$ cat data-v9.cif   # mmCIF, C-alpha atoms and all ligand atoms
data_coords
loop_
_atom_site.label_atom_id
_atom_site.label_comp_id
_atom_site.auth_asym_id
_atom_site.auth_seq_id
_atom_site.Cartn_x
_atom_site.Cartn_y
_atom_site.Cartn_z
CA MET N 1 -38.03 -3.66 7.25
CA PRO N 2 -35.94 -5.25 10.04
CA PRO N 3 -32.77 -7.16 9.07
CA SER N 4 -32.95 -10.94 8.63
CA ALA N 5 -31.73 -13.16 11.49
CA GLU N 6 -28.64 -14.01 9.43
CA ALA N 7 -27.81 -10.33 8.78
CA GLN N 8 -28.43 -9.50 12.45
CA ALA N 9 -26.03 -12.26 13.52
CA ILE N 10 -23.27 -10.79 11.32
CA SER N 11 -24.03 -7.32 12.69
CA ASP N 12 -23.79 -8.63 16.28
CA ARG N 13 -20.38 -10.20 15.56
CA LEU N 14 -19.19 -6.93 14.04
CA ALA N 15 -20.47 -4.98 17.06
CA ASP N 16 -18.53 -7.36 19.36
CA LEU N 17 -15.38 -6.80 17.31
CA ILE N 18 -15.80 -3.01 17.47
CA ALA N 19 -16.56 -3.16 21.21
CA ALA N 20 -13.36 -5.18 21.78
CA GLU N 21 -11.35 -2.60 19.87
CA ILE N 22 -12.93 0.22 21.93
CA ASP N 23 -11.96 -1.60 25.14
CA ALA N 24 -8.43 -2.24 23.87
CA GLY N 25 -8.17 1.46 22.92
CA GLY N 26 -8.92 2.62 26.48
CA GLY N 27 -12.67 3.10 25.94
CA TRP N 28 -12.64 5.20 22.74
CA ILE N 29 -11.92 4.82 19.03
CA SER N 30 -12.02 7.60 16.45
CA PHE N 31 -15.14 7.90 14.33
CA ALA N 32 -12.97 7.26 11.26
CA ARG N 33 -11.87 3.91 12.69
CA TYR N 34 -15.49 3.04 13.56
CA MET N 35 -16.55 3.85 9.98
CA GLU N 36 -13.67 1.78 8.58
CA LEU N 37 -14.69 -1.26 10.64
CA ALA N 38 -18.44 -0.79 10.02
CA LEU N 39 -17.88 -0.67 6.26
CA TYR N 40 -14.82 -2.83 5.63
CA ALA N 41 -14.06 -5.25 8.52
CA PRO N 42 -13.22 -8.44 6.57
CA GLY N 43 -16.25 -10.72 6.19
CA LEU N 44 -18.40 -8.55 8.51
CA GLY N 45 -18.41 -4.92 7.33
CA TYR N 46 -21.10 -3.41 5.14
CA TYR N 47 -19.07 -3.69 1.93
CA SER N 48 -17.31 -6.93 2.91
CA ALA N 49 -20.23 -9.13 3.96
CA GLY N 50 -22.46 -10.70 1.34
CA SER N 51 -25.59 -8.51 1.49
CA ARG N 52 -26.95 -6.77 -1.58
CA LYS N 53 -26.06 -3.11 -1.20
CA LEU N 54 -26.26 -1.42 -4.57
CA GLY N 55 -29.21 -1.11 -6.91
CA ARG N 56 -32.97 -0.99 -6.65
CA ASP N 57 -33.22 -3.98 -4.28
CA GLY N 58 -30.30 -2.77 -2.15
CA ASP N 59 -29.79 0.33 -0.01
CA PHE N 60 -28.99 3.01 -2.58
CA VAL N 61 -28.59 3.47 -6.33
CA THR N 62 -25.45 4.88 -7.94
CA ALA N 63 -25.32 6.45 -11.41
CA PRO N 64 -23.92 3.32 -13.17
CA GLU N 65 -26.59 1.21 -11.41
CA LEU N 66 -29.27 3.63 -12.53
CA SER N 67 -28.42 3.82 -16.20
CA SER N 68 -25.99 2.66 -18.86
CA LEU N 69 -26.15 6.25 -20.18
CA PHE N 70 -23.68 7.20 -17.45
CA GLY N 71 -21.02 4.68 -18.54
CA ARG N 72 -21.62 5.37 -22.22
CA CYS N 73 -20.99 9.10 -21.66
CA LEU N 74 -17.95 8.50 -19.48
CA ALA N 75 -16.64 6.19 -22.21
CA ARG N 76 -16.47 9.20 -24.56
CA GLN N 77 -14.22 11.02 -22.08
CA LEU N 78 -12.04 7.93 -21.64
CA ALA N 79 -11.92 7.38 -25.41
CA GLU N 80 -10.50 10.88 -25.86
CA LEU N 81 -7.76 10.15 -23.31
CA ILE N 82 -7.06 6.66 -24.65
CA GLY N 83 -6.72 8.29 -28.08
CA HIS N 84 -3.93 10.42 -26.58
CA GLY N 85 -1.98 7.27 -25.79
CA LEU N 86 -3.21 6.57 -22.23
CA ARG N 87 -3.96 2.97 -22.99
CA ASP N 88 -4.64 1.55 -19.51
CA VAL N 89 -7.66 2.19 -17.31
CA LEU N 90 -7.80 1.55 -13.55
CA GLU N 91 -11.20 1.63 -11.86
CA ILE N 92 -11.25 2.02 -8.09
CA GLY N 93 -14.12 0.62 -6.02
CA ALA N 94 -16.07 -0.92 -8.88
CA GLY N 95 -19.15 -1.90 -6.81
CA SER N 96 -21.26 -4.45 -8.66
CA GLY N 97 -19.15 -4.02 -11.84
CA ALA N 98 -21.91 -2.02 -13.57
CA LEU N 99 -19.65 0.79 -14.77
CA ALA N 100 -16.97 -1.55 -16.16
CA ALA N 101 -19.66 -3.62 -17.90
CA ASP N 102 -20.96 -0.47 -19.67
CA LEU N 103 -17.60 1.17 -20.34
CA LEU N 104 -15.82 -1.78 -21.91
CA PRO N 105 -18.22 -2.55 -24.81
CA GLU N 106 -18.73 1.18 -25.46
CA LEU N 107 -14.98 1.83 -25.65
CA ALA N 108 -14.65 -1.09 -28.06
CA ALA N 109 -17.51 0.34 -30.17
CA LEU N 110 -15.75 3.72 -30.19
CA GLY N 111 -12.57 2.00 -31.45
CA GLN N 112 -10.68 2.84 -28.23
CA ALA N 113 -10.61 -0.39 -26.23
CA PRO N 114 -7.97 -0.04 -23.50
CA ASP N 115 -5.03 -2.45 -23.41
CA HIS N 116 -5.85 -3.27 -19.78
CA TYR N 117 -8.79 -2.51 -17.52
CA TYR N 118 -7.59 -2.90 -13.95
CA ILE N 119 -9.91 -2.93 -10.95
CA LEU N 120 -8.81 -2.16 -7.40
CA GLU N 121 -11.49 -3.28 -4.94
CA VAL N 122 -11.20 -3.72 -1.17
CA SER N 123 -14.22 -5.97 -0.83
CA ALA N 124 -13.66 -9.65 -1.74
CA ASP N 125 -17.42 -10.12 -2.02
CA LEU N 126 -17.83 -7.25 -4.50
CA ARG N 127 -14.83 -8.44 -6.49
CA GLN N 128 -16.66 -11.71 -7.11
CA ARG N 129 -19.79 -9.87 -8.23
CA GLN N 130 -17.72 -7.71 -10.57
CA GLN N 131 -16.16 -10.79 -12.18
CA GLN N 132 -19.59 -12.31 -12.72
CA ARG N 133 -21.18 -9.17 -14.12
CA ILE N 134 -18.35 -8.40 -16.53
CA ALA N 135 -18.30 -12.02 -17.76
CA GLU N 136 -22.06 -11.78 -18.44
CA ARG N 137 -22.33 -8.27 -19.87
CA ALA N 138 -18.97 -7.70 -21.55
CA PRO N 139 -17.76 -11.22 -22.44
CA GLN N 140 -15.67 -10.04 -25.38
CA GLN N 141 -13.72 -7.56 -23.26
CA ALA N 142 -13.49 -9.66 -20.08
CA ALA N 143 -9.97 -10.89 -20.91
CA ALA N 144 -8.63 -7.32 -20.65
CA VAL N 145 -9.83 -7.02 -17.03
CA GLN N 146 -7.44 -7.71 -14.17
CA TRP N 147 -8.02 -7.27 -10.43
CA LEU N 148 -5.22 -5.70 -8.41
CA ASP N 149 -4.52 -6.26 -4.71
CA VAL N 150 -2.40 -3.17 -4.22
CA LEU N 151 -1.79 0.12 -5.94
CA PRO N 152 0.75 -0.22 -8.75
CA ALA N 153 4.06 1.61 -8.00
CA ASN N 154 3.85 3.51 -11.30
CA PHE N 155 0.89 4.06 -13.55
CA ASN N 156 0.44 5.54 -17.02
CA GLY N 157 -3.20 5.85 -17.91
CA ILE N 158 -6.61 6.80 -16.58
CA ILE N 159 -7.82 6.20 -13.03
CA VAL N 160 -11.55 6.42 -12.51
CA GLY N 161 -13.75 6.16 -9.42
CA ASN N 162 -17.48 6.72 -9.02
CA GLU N 163 -18.74 7.23 -5.45
CA VAL N 164 -15.52 5.95 -3.92
CA LEU N 165 -14.20 9.02 -2.09
CA ASP N 166 -17.46 9.40 -0.15
CA ALA N 167 -17.11 5.81 1.09
CA MET N 168 -13.71 6.39 2.70
CA PRO N 169 -13.56 6.66 6.51
CA ALA N 170 -13.97 10.30 7.53
CA HIS N 171 -12.74 12.04 10.67
CA VAL N 172 -15.33 14.10 12.53
CA VAL N 173 -14.47 17.29 14.45
CA ARG N 174 -16.43 19.86 16.42
CA MET N 175 -15.80 23.25 18.00
CA HIS N 176 -16.75 22.94 21.66
CA GLY N 177 -15.98 25.38 24.44
CA GLY N 178 -13.54 27.20 22.16
CA ALA N 179 -11.48 24.06 21.48
CA ILE N 180 -11.43 21.59 18.60
CA GLU N 181 -12.48 18.08 19.53
CA GLU N 182 -12.45 14.86 17.56
CA ALA N 183 -15.57 12.71 17.59
CA GLY N 184 -15.17 9.07 18.43
CA VAL N 185 -17.18 6.07 19.49
CA VAL N 186 -17.52 4.68 23.02
CA ARG N 187 -19.56 1.82 24.45
CA GLY N 188 -23.27 2.55 24.72
CA SER N 189 -25.98 1.29 27.01
CA GLY N 190 -29.40 -0.35 26.73
CA ASP N 191 -30.28 -1.28 23.16
CA ARG N 192 -27.62 1.06 21.72
CA PRO N 193 -24.27 -0.72 21.60
CA PHE N 194 -22.35 2.50 20.92
CA ALA N 195 -22.45 6.21 21.71
CA ARG N 196 -20.45 9.24 20.63
CA GLY N 197 -17.53 10.43 22.72
CA TYR N 198 -15.23 13.42 22.14
CA ARG N 199 -11.53 14.01 22.78
CA ALA N 200 -9.15 16.88 22.15
CA ALA N 201 -8.11 16.74 18.48
CA GLY N 202 -4.41 16.53 17.66
CA GLY N 203 -1.89 16.35 14.83
CA GLU N 204 -2.90 16.92 11.20
CA LEU N 205 -6.61 16.87 12.08
CA LEU N 206 -6.21 19.72 14.56
CA LYS N 207 -4.15 21.71 12.05
CA LEU N 208 -6.75 21.31 9.29
CA ALA N 209 -9.72 21.96 11.59
CA THR N 210 -8.08 25.08 13.06
CA ALA N 211 -7.66 26.49 9.55
CA LEU N 212 -11.45 26.20 9.05
CA SER N 213 -12.17 28.74 11.86
CA LEU N 214 -15.31 26.84 12.87
CA PRO N 215 -17.97 28.64 14.91
CA GLU N 216 -18.89 27.33 18.39
CA GLY N 217 -21.06 24.20 18.24
CA TYR N 218 -20.18 23.43 14.61
CA GLU N 219 -19.55 19.75 13.79
CA THR N 220 -18.22 18.53 10.46
CA GLU N 221 -16.04 16.00 8.67
CA ILE N 222 -12.48 16.11 7.40
CA GLN N 223 -11.64 13.36 4.92
CA LEU N 224 -8.08 12.50 5.81
CA ALA N 225 -8.29 9.04 4.21
CA ALA N 226 -9.71 10.32 0.89
CA ARG N 227 -7.01 13.03 0.77
CA ALA N 228 -4.28 10.46 1.42
CA PHE N 229 -5.82 8.20 -1.21
CA VAL N 230 -5.74 10.92 -3.90
CA THR N 231 -2.19 11.85 -2.91
CA SER N 232 -0.95 8.28 -3.18
CA PHE N 233 -2.48 7.89 -6.66
CA ALA N 234 -1.13 11.26 -7.71
CA ARG N 235 2.38 10.26 -6.65
CA ARG N 236 2.20 7.05 -8.67
CA LEU N 237 0.86 8.64 -11.84
CA ARG N 238 3.68 9.04 -14.37
CA SER N 239 1.34 10.49 -16.98
CA GLY N 240 -2.41 10.40 -17.23
CA ALA N 241 -5.57 11.46 -15.45
CA LEU N 242 -7.58 10.80 -12.30
CA LEU N 243 -11.34 11.17 -12.75
CA PHE N 244 -13.58 11.10 -9.70
CA VAL N 245 -17.35 11.44 -9.67
CA ASP N 246 -19.05 11.98 -6.32
CA TYR N 247 -21.45 14.15 -4.38
CA GLY N 248 -19.99 17.15 -2.66
CA PHE N 249 -18.90 20.76 -2.95
CA PRO N 250 -15.90 23.07 -2.85
CA ALA N 251 -14.63 23.88 0.70
CA ARG N 252 -16.45 27.21 0.83
CA GLU N 253 -19.81 25.46 0.53
CA TYR N 254 -18.81 22.35 2.49
CA TYR N 255 -17.85 24.37 5.56
CA HIS N 256 -20.59 26.97 5.12
CA PRO N 257 -21.70 28.38 8.51
CA GLN N 258 -25.21 27.00 7.92
CA ARG N 259 -23.99 23.42 7.36
CA SER N 260 -23.34 23.21 11.09
CA SER N 261 -23.90 19.50 11.55
CA GLY N 262 -21.78 18.24 8.65
CA THR N 263 -22.70 15.94 5.79
CA LEU N 264 -22.60 12.46 7.31
CA MET N 265 -25.39 10.24 5.99
CA CYS N 266 -26.50 6.64 6.27
CA HIS N 267 -28.55 4.57 3.84
CA TYR N 268 -30.58 1.53 4.67
CA ARG N 269 -33.03 0.17 2.09
CA HIS N 270 -33.43 3.52 0.36
CA HIS N 271 -34.08 5.29 3.65
CA ALA N 272 -31.59 8.09 4.43
CA HIS N 273 -30.85 9.17 8.02
CA ASP N 274 -27.94 10.48 10.09
CA ASP N 275 -27.29 7.89 12.82
CA PRO N 276 -24.19 5.81 11.99
CA LEU N 277 -24.20 4.01 15.36
CA VAL N 278 -27.25 1.82 14.64
CA LEU N 279 -27.62 -1.09 12.17
CA VAL N 280 -23.88 -1.70 12.61
CA GLY N 281 -22.47 -3.05 9.33
CA LEU N 282 -25.94 -3.26 7.79
CA GLN N 283 -26.17 0.28 6.46
CA ASP N 284 -24.00 2.46 4.28
CA ILE N 285 -22.22 5.39 5.93
CA THR N 286 -20.98 8.22 3.72
CA THR N 287 -19.91 11.83 3.78
CA HIS N 288 -19.98 14.38 1.00
CA VAL N 289 -16.67 15.10 -0.67
CA ASP N 290 -14.71 18.33 -0.14
CA PHE N 291 -13.54 18.77 -3.73
CA SER N 292 -11.20 21.65 -2.84
CA ALA N 293 -9.34 19.25 -0.53
CA MET N 294 -9.16 16.60 -3.29
CA ALA N 295 -7.82 19.19 -5.75
CA LYS N 296 -5.21 20.27 -3.20
CA ALA N 297 -4.19 16.67 -2.50
CA GLY N 298 -3.59 16.23 -6.24
CA THR N 299 -1.84 19.52 -6.92
CA SER N 300 0.46 19.16 -3.89
CA ALA N 301 1.62 15.87 -5.41
CA GLY N 302 2.38 17.42 -8.81
CA LEU N 303 -0.92 17.09 -10.70
CA ALA N 304 -2.88 19.86 -12.40
CA VAL N 305 -6.65 20.31 -12.13
CA LEU N 306 -7.87 19.48 -15.65
CA GLY N 307 -11.52 20.22 -14.96
CA TYR N 308 -14.27 20.35 -12.34
CA THR N 309 -17.95 20.57 -13.10
CA THR N 310 -21.39 19.23 -12.24
CA GLN N 311 -22.38 15.74 -13.34
CA ALA N 312 -25.10 17.25 -15.54
CA GLN N 313 -22.65 19.52 -17.36
CA PHE N 314 -20.11 16.73 -17.73
CA LEU N 315 -22.66 14.31 -19.22
CA ILE N 316 -24.00 16.99 -21.57
CA ASN N 317 -20.45 17.82 -22.69
CA CYS N 318 -19.86 14.12 -23.32
CA GLY N 319 -22.93 13.94 -25.56
CA ILE N 320 -25.73 12.41 -23.46
CA THR N 321 -28.36 14.07 -25.66
CA ASP N 322 -26.83 12.51 -28.82
CA ILE N 323 -26.76 9.10 -27.15
CA LEU N 324 -30.38 9.50 -26.09
CA GLY N 325 -31.22 10.64 -29.63
CA GLU N 326 -29.99 7.29 -31.02
CA THR N 327 -33.23 5.80 -29.68
CA PRO N 328 -36.23 7.17 -31.62
CA ALA N 329 -38.70 8.93 -29.33
CA ALA N 330 -41.51 7.22 -31.27
CA ASP N 331 -40.28 3.92 -29.82
CA VAL N 332 -41.90 4.74 -26.50
CA ARG N 333 -41.08 1.44 -24.80
CA ALA N 334 -37.35 1.91 -25.34
CA TYR N 335 -37.24 5.70 -25.14
CA ALA N 336 -39.35 6.40 -22.03
CA PRO N 337 -37.13 4.55 -19.51
CA LEU N 338 -33.96 6.06 -21.03
CA ALA N 339 -35.44 9.56 -20.90
CA SER N 340 -36.42 9.05 -17.28
CA GLN N 341 -32.89 7.83 -16.43
CA ALA N 342 -31.37 10.84 -18.20
CA GLN N 343 -33.68 13.06 -16.16
CA GLN N 344 -32.42 11.50 -12.91
CA LEU N 345 -28.78 11.86 -13.96
CA LEU N 346 -29.18 15.46 -15.14
CA SER N 347 -31.91 17.08 -13.05
CA PRO N 348 -30.69 19.65 -10.48
CA ALA N 349 -33.29 18.20 -8.10
CA GLU N 350 -31.73 14.72 -8.39
CA MET N 351 -28.09 13.89 -9.25
CA GLY N 352 -27.30 16.62 -11.78
CA GLU N 353 -25.99 19.38 -9.52
CA LEU N 354 -25.03 17.72 -6.24
CA PHE N 355 -22.76 15.26 -8.02
CA LYS N 356 -19.53 16.66 -9.43
CA VAL N 357 -16.75 15.40 -11.64
CA ILE N 358 -13.13 16.34 -11.06
CA ALA N 359 -10.20 15.53 -13.34
CA LEU N 360 -6.62 15.81 -12.13
CA GLY N 361 -3.72 14.92 -14.36
CA LYS N 362 -0.15 15.06 -15.50
CA GLY N 363 1.18 15.50 -19.04
CA ILE N 364 -2.27 16.30 -20.46
CA ALA N 365 -3.37 19.63 -21.89
CA PRO N 366 -6.93 20.75 -21.08
CA PRO N 367 -9.68 21.20 -22.14
CA LEU N 368 -10.98 17.68 -21.85
CA LEU N 369 -14.24 16.80 -23.60
CA GLY N 370 -16.28 16.58 -20.38
CA PHE N 371 -15.23 20.04 -19.17
CA GLN N 372 -15.36 21.95 -22.45
CA ARG N 373 -18.28 24.06 -21.28
CA GLY N 374 -19.15 25.03 -17.70
CA ASP N 375 -15.79 24.25 -16.11
CA LYS N 376 -15.95 25.44 -12.49
CA SER N 377 -12.34 24.78 -11.48
CA HIS N 378 -12.05 28.39 -10.31
CA THR N 379 -14.52 27.66 -7.47
CA LEU N 380 -12.27 25.03 -5.86
C1 LIG L 401 -20.51 3.53 -2.86
S1 LIG L 401 -19.70 2.14 -3.56
C2 LIG L 401 -19.63 2.63 -5.27
C3 LIG L 401 -19.52 1.48 -6.21
C4 LIG L 401 -19.46 1.80 -7.70
N1 LIG L 401 -18.32 2.61 -8.04
C5 LIG L 401 -20.73 2.44 -8.18
O1 LIG L 401 -20.71 3.60 -8.52
O2 LIG L 401 -21.77 1.75 -8.23
C6 LIG L 401 -18.02 2.33 -2.99
C7 LIG L 401 -17.06 1.32 -3.55
O3 LIG L 401 -15.71 1.70 -3.20
C8 LIG L 401 -15.02 0.57 -2.69
N2 LIG L 401 -13.88 1.08 -1.90
C9 LIG L 401 -13.93 1.82 -0.77
N3 LIG L 401 -12.69 2.12 -0.33
C10 LIG L 401 -11.83 1.59 -1.23
C11 LIG L 401 -10.41 1.57 -1.35
N4 LIG L 401 -9.63 2.13 -0.41
N5 LIG L 401 -9.86 0.94 -2.40
C12 LIG L 401 -10.66 0.34 -3.34
N6 LIG L 401 -12.00 0.31 -3.26
C13 LIG L 401 -12.59 0.93 -2.23
C14 LIG L 401 -16.13 -0.19 -1.99
O4 LIG L 401 -15.81 -1.51 -1.66
C15 LIG L 401 -17.23 -0.09 -3.05
O5 LIG L 401 -17.02 -0.97 -4.12
#
$ encode --input "data-v9.cif" --output "structure tokens" --more "lines below"
Ligand SMILES: C[S@@+](CC[C@H](N)C(=O)[O-])C[C@H]1O[C@@H](n2cnc3c(N)ncnc32)[C@H](O)[C@@H]1O
Amino acid sequence: MPPSAEAQAISDRLADLIAAEIDAGGGWISFARYMELALYAPGLGYYSAGSRKLGRDGDFVTAPELSSLFGRCLARQLAELIGHGLRDVLEIGAGSGALAADLLPELAALGQAPDHYYILEVSADLRQRQQQRIAERAPQQAAAVQWLDVLPANFNGIIVGNEVLDAMPAHVVRMHGGAIEEAGVVRGSGDRPFARGYRAAGGELLKLATALSLPEGYETEIQLAARAFVTSFARRLRSGALLFVDYGFPAREYYHPQRSSGTLMCHYRHHAHDDPLVLVGLQDITTHVDFSAMAKAGTSAGLAVLGYTTQAQFLINCGITDILGETPAADVRAYAPLASQAQQLLSPAEMGELFKVIALGKGIAPPLLGFQRGDKSHTL
């Protein structure tokens, strides 16, 4: 389905803005900068303009959009930590507010309502949607929710993010003619406003890419922004835990010789493809997460890895089967949709294996509930 005239007009303005930045940058900008503008340019980027992105009538479905089972399970992990005195929760990149709207009533029901539920969200448009959704779905807990504009200098508590690290601008590198190059974006021609252009990589990117010993012709991503993001949270955490759920692998799998064209993906109306230079600002652009790099970013800033496992194992450890069992199977109308959602969250063919959960923390002794069985931290 082609974009509406209104959406196309926003996309054209965004393309002009990116083109102007390419010209000002001497004809080239890094792919990471392109991705940042395409997703987050104020008022124009994919996450910043008003289109509906998440959910069945958007471009892709995340676990909290798919089912309240996800938030209800995660609540059990948070309840355990809140019970250990970590009384504040900070959610990063809360999307439509679905996770917060499931977590808050469930935590209250478990007798572990947090003192504060902070949300850090870059998109002004999504922030508004979050406020609306929480007011509708969790009215009794809404007063505990506060939106932050910047990271707090110090934080004691639990930081949680679902599908946030994959949405951070990624740098792209390739091995070409025996040298490491960085992918960028240049002006295109005809009906393609932009094209790829490569330059010699430098600095931190070159150092990290060199350490990967990439074979000739291999192209992949290095998530400098996501690493920096985890590091900055880790540095601010006085005591507590960071919990991230996302799709990805440890470095050994991420940079496997057979994954020679990387993990970059785009989503437009539930259609997945690999061309980020079309539908500028109208489609999601993501990369898989290198969980070894996230673990390293945390541990270099003084955190310990508290657990790492698949989403399926995490949800099972948190009691998804008990939660499902609360609805009698004989009540087919209520049970059938829940069972089908559980299947999508758990099945290895869907989200169960590709999605992982990592917990990093300070001042907390493992094991945590969600990693009690099947912890795969040793693979990081
Ligand atoms: C793929 S969506 C996931 C939304 C939601 N967590 C969910 O699971 O449905 C990515 C979210 O991260 C937000 N985001 C990206 N970078 C961010 C940053 N640096 N700080 C805060 N939020 C960010 C986006 O605006 C968006 O809300």
$ closest_residue --input "data-v9.cif" --among "N:Val160, N:Ala49, N:Leu237, N:Leu104" --to "Arg127 of chain N" --atoms "only C-alpha atoms"
N:Ala49
$ residues_near_ligand --input "data-v9.cif" --ligand "ligand LIG 401 (chain L)" --cutoff "10 Å" --atoms "all atoms listed in the file" --output "JSON, numbers by chain"
{"N": [36, 39, 40, 45, 46, 47, 48, 53, 54, 55, 60, 61, 62, 63, 64, 65, 66, 91, 92, 93, 94, 95, 96, 97, 98, 99, 100, 119, 120, 121, 122, 123, 124, 125, 126, 127, 130, 148, 149, 150, 151, 160, 161, 162, 163, 164, 165, 166, 167, 168, 169, 225, 226, 229, 244, 245, 246, 284, 285, 286]}
$ atom_distance --input "data-v9.cif" --atom1 "atom CA of Tyr268 of chain N" --atom2 "atom CA of Gly58 of chain N"
8.1 Å
$ closest_atom_pairs --input "data-v9.cif" --of "segment 229-328 of chain N" --to "segment 332-341 of chain N" --cutoff "12 Å" --atoms "all atoms listed in the file" --output "tab-separated table"
residue	atom	partner	partner_atom	distance
N:Ile320	CA	N:Ala339	CA	10.4
N:Thr321	CA	N:Ala339	CA	9.7
N:Ile323	CA	N:Leu338	CA	9.9
N:Leu324	CA	N:Leu338	CA	7.1
N:Gly325	CA	N:Tyr335	CA	9.0
N:Glu326	CA	N:Tyr335	CA	9.5
N:Thr327	CA	N:Tyr335	CA	6.1
N:Pro328	CA	N:Tyr335	CA	6.7
$ atom_distance --input "data-v9.cif" --atom1 "atom CA of Val89 of chain N" --atom2 "atom CA of Ile158 of chain N"
4.8 Å
$ closest_atom_pairs --input "data-v9.cif" --of "segment 181-247 of chain N" --to "segment 77-87 of chain N" --cutoff "12 Å" --atoms "only C-alpha atoms" --output "tab-separated table"
residue	atom	partner	partner_atom	distance
N:Leu237	CA	N:Leu86	CA	11.3
N:Arg238	CA	N:Leu86	CA	10.7
N:Ser239	CA	N:Leu86	CA	8.0
N:Gly240	CA	N:Leu86	CA	6.3
N:Ala241	CA	N:Leu81	CA	8.3
N:Leu242	CA	N:Leu78	CA	10.7
N:Leu243	CA	N:Leu78	CA	9.5
$ closest_residue --input "data-v9.cif" --among "N:Pro105, N:Gly248, N:Gly197, N:Pro215" --to "Ala293 of chain N" --atoms "all atoms listed in the file"
N:Gly248
$ closest_residue --input "data-v9.cif" --among "N:Asp59, N:Phe314, N:Val172, N:Arg187" --to "Leu208 of chain N" --atoms "only C-alpha atoms"
N:Val172
$ atom_distance --input "data-v9.cif" --atom1 "atom CA of Ala365 of chain N" --atom2 "atom CA of Leu380 of chain N"
19.1 Å
$ closest_residue --input "data-v9.cif" --among "N:Leu360, N:Leu369, N:Ile316, N:Ile222" --to "Leu346 of chain N" --atoms "only C-alpha atoms"
N:Ile316
$ residues_around --input "data-v9.cif" --residues "Arg133 of chain N" --least-positions-apart "4" --cutoff "7 Å" --atoms "only C-alpha atoms" --output "number ranges by chain"
N: 97, 101, 129, 137
$ residues_around --input "data-v9.cif" --residues "Ala19 of chain N" --least-positions-apart "5" --cutoff "9 Å" --atoms "all atoms listed in the file" --output "PDB file with C-alpha atoms, keeping the file's coordinate frame"
ATOM      1  CA  LEU N  14     -19.190  -6.930  14.040  1.00  0.00           C
ATOM      2  CA  ALA N  24      -8.430  -2.240  23.870  1.00  0.00           C
ATOM      3  CA  GLY N  27     -12.670   3.100  25.940  1.00  0.00           C
ATOM      4  CA  VAL N 186     -17.520   4.680  23.020  1.00  0.00           C
ATOM      5  CA  ARG N 187     -19.560   1.820  24.450  1.00  0.00           C
ATOM      6  CA  PRO N 193     -24.270  -0.720  21.600  1.00  0.00           C
ATOM      7  CA  PHE N 194     -22.350   2.500  20.920  1.00  0.00           C
TER       8      PHE N 194
END
$ residues_around --input "data-v9.cif" --residues "Ala349 of chain N" --least-positions-apart "6" --cutoff "12 Å" --atoms "only C-alpha atoms" --output "PyMOL selection string"
chain N and resi 312+343+355
$ residues_around --input "data-v9.cif" --residues "Tyr117 of chain N" --least-positions-apart "4" --cutoff "7 Å" --atoms "all atoms listed in the file" --output "list in words"
Asp88, Val89, Leu90, Ala144, Val145 and Gln146 of chain N
$ residues_around --input "data-v9.cif" --residues "Leu315 of chain N" --least-positions-apart "6" --cutoff "10 Å" --atoms "only C-alpha atoms" --output "PyMOL selection string"
chain N and resi 69-74+76-77+309+321+342+345-346+352+357+369-371
$ closest_residue --input "data-v9.cif" --among "N:Met351, N:Cys318, N:Ala113, N:Ala75" --to "Gln372 of chain N" --atoms "all atoms listed in the file"
N:Cys318
$ closest_residue --input "data-v9.cif" --among "N:Thr231, N:Ser30, N:Gln112, N:Gln131" --to "Ser300 of chain N" --atoms "only C-alpha atoms"
N:Thr231
$ residues_near_point --input "data-v9.cif" --point "(-16.2, 22.2, 8.0)" --cutoff "7 Å" --atoms "all atoms listed in the file" --output "ChimeraX atom specification"
/N:212,214,220-221,254-255,262
$ residues_near_point --input "data-v9.cif" --point "(-5.8, 8.4, -8.5)" --cutoff "6 Å" --atoms "only C-alpha atoms" --output "list in words"
Ile159, Val230, Phe233, Ala234 and Leu242 of chain N
